[in-house]
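J.: One structure follows; several queries about it will come next.
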Amino acid sequence: MMNKRQRAKQLEQLSAYLDGQLSENEKRQVESRLAREPELREQYESLRKTKLLFSRIPRVHAPRSFALTPEMVTVRQKKQPFTTTLRWVTSVAAILLVVMFGAEFLLANPFAARSAMPAEEMLESVNMEMEDETALADEAPAAKAAEPEPLILWGAPGQGGGGGGAEAFGMGGAGGDVVEESAPLDATRDSEIYPTQSLPTDLPTQLQTDSEIEGGSPILGINPEQAGEIISTSEEPMEESGPGELTALSPLRWAEIGMAVIVIAGALVLLISRKA
Amino acid sequence: MDEQALIQEALDGNLDAFNGLVLHYQDIVYNVAYRVMGEPGAASDACQEAFISAYQKLHQYRGGSFKSWLLRIVTNACYDELRRRQRRPITPLLPETDDGEIVEDPFWIEDDQASPEKQTEQAELEKAIQRCISALEEKFRTVLVLVDIEGLDYEAASQIAKTPLGTVKSRLARARSRVQECLQDFWELLPDIFRLNDEEER
């Protein structure tokens with residue numbers, strides 16, 4: 001039983017034999033098989049008749065003269081260089097744009113840059129970070145005594161939540177009427193989520209009632225004495241963004257904008273000229 | 001016709017000399033274009049494009065068979081035209097019967113010596129074969145048209161299609177086999193001697 005490949009090879013040989021395109025040796029082999037194998041002979045006959053059919057279809061004549069006029073040639077000569085040049089310029093601009101975005105991404109994102117490191121370097125850098133973290137954890141108790149404890153990191157991912165009672169100044173999460181149902185400020189749970197952030201162990205494990213938090217800090221209804229130092233990360237970008245932002249764009253950003261404009265304009269013109 | 005002299009004059013900017021070449025080769029070029037494209041309007045467009053392109057690229061012609069060089073240009077023009085028509089389908093401007101069937105242009109079907117019945121039969125057969133050719137993928141279609149319809153050898157087909165000789169061989173075999181299978185659907189149209197299998201087998 002022949003597989004698909006063998007059948008294709010056989011068909012190819014028969015077809016070439018039909019056109020007299022086989023070597024003497026191959027030709028003898030095919031002829032010998034044709035004499036022995038009726039199925040192969042039948043396949044050959046079918047091929048031969050198909051080829052013969054093509055000779056039955058009449059040749060078609062040109063329905064008109066295709067002689068060129070000077071206009072046909074001159075119009076084309078003017079049009080061709082413009083679209084060709086535009087196509088080149090757009091392609092180069094698109095490539096440059098991708099390269100610039102890639103470079104910017106790698107420079108701005110250390111993780112991405114690190115992922116491009118060879119495996120050994122990456123392992124080394126991970127080890128170094130782990131050592132740093134261990135060192136920080138060792139120093140933490142001493143530093144904790146000296147510094148006020150940050151309770152909330154504004155803008156840090158996954159924080160917030162909770163919410164006080166009906167009148168509490170809540171932040172994040174839906175405030176509920178029942179105090180006990182609010183997200184607990186459990187120190188042990190928080191330390192599981194943020195292992196490097198040490199929280200004071202003497203924090204209340206439950207939120208205070210409405211009367212206790214009245215007049216307190218606007219942050220999750222916690223008393224100012226317990227609030228510690230508030231680290232705000234959201235303020236800095238707000239200060240940066242201002243009317244001078246556009247002028248402060250780096251030359252790389254300007255180049256990217258320029259390239260993007262060229263790519264979009266070029267693509268549009270090419271698209272329109274193609275449809276026209 | 002002194003082909004080389006006309007080419008040289010055309011290279012010097014003589015459009016009339018080039019048109020001498022156009023008139024000499026336009027039937028062959030159109031025949032190939034028609035069989036590859038499958039309909040006259042598209043074939044005419046591809047043909048005209050091919051001659052314009054040939055005039056502009058004449059300085060790239062490096063000797064050898066001018067016919068093969070032209071046929072390579074026309075097959076490329078056919079591929080371009082096929083892509084263009086795939087993007088923007090065009091309804092052929094051919095006369096239609098009341099049933100919406102396109103009436104073939106009798107210009108090339110007509111055979112003065114044949115009876116009306118024979119002519120109809122011939123036209124139907126041609127239509128069936130063309131339909132099967134058109135159903136092939138472009139690369140198979142081109143090789144089949146060049147070798148089996150235009151009668152070129154494998155070497156010339158290989159140069160025109162810009163593919164190795166072995167590829168021409170395999171594509172041709174597959175194309176023939178596929179047309180053969182396709183023609184079974186047009187059994188009634190095939191003349192007795194061309195029926196590919198015995199009646200009992202069907």
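Convention: chains lettered A, B, ... in structure tokens order; per-chain residue numbering from 1; ligands numbered from 1 as shown.
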Counting only C-alpha atoms, a student should be able to say which residues of chain A come within 9 Å of chain B; what is the right answer, written as JSON, numbers by chain?
T.: {"A": [8, 9, 11, 12, 13, 14, 15, 16, 19, 21, 42, 45, 46, 47, 49, 50, 51, 52, 53, 54, 55, 56, 57, 58, 59, 60, 61, 62, 63, 64, 65, 66, 67, 68, 69, 70, 72, 73, 76, 77, 275]}
J.: For the atom pair CA of Glu26 in chain A and CA of Gln43 in chain A, what is the interatomic distance in Å to one decimal place?
T.: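 Computing the Euclidean distance for CA of Glu26 in chain A and CA of Gln43 in chain A yields 17.5 Å.
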J.: Can you tell me, as a list in words, what residues are no more than 10 Å from Ile160 in chain B when counting only C-alpha atoms, ignoring any on the same chain fewer than 2 positions away?
T.: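 Counting only the stated atoms, we get Lys67, Ser68, Trp69, Leu70, Leu71, Arg72, Ile73, Val74, Thr75, Asn76, Thr142, Val143, Leu146, Tyr154, Glu155, Ala156, Ala157, Ser158, Lys162 and Thr163 of chain B.
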J.: For CA of Leu34 in chain A and CA of Leu18 in chain A, quote the distance in Å rounded to one decimal.
T.: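 Straight-line distance from CA of Leu34 in chain A to CA of Leu18 in chain A works out to 12.2 Å.
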J.: Rounded to one decimal in Å, what is the spacing between CA of Ser91 in chain A and CA of Ala108 in chain A?
T.: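 Value for the CA of Ser91 in chain A-CA of Ala108 in chain A distance: 25.7 Å.
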J.: Which residue out of B:Gln159, B:Ala128, B:Glu9, B:Phe140 has the minimum interatomic distance to Arg178 in chain B when only C-alpha atoms are used?
T.: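 Answer, going by the shortest atom-to-atom distance: B:Phe140.
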J.: For Val261 in chain A, which of A:Lys4, A:Asn109, A:Ala103, A:Ala94 is the closest residue, counting only C-alpha atoms?
T.: A:Ala94
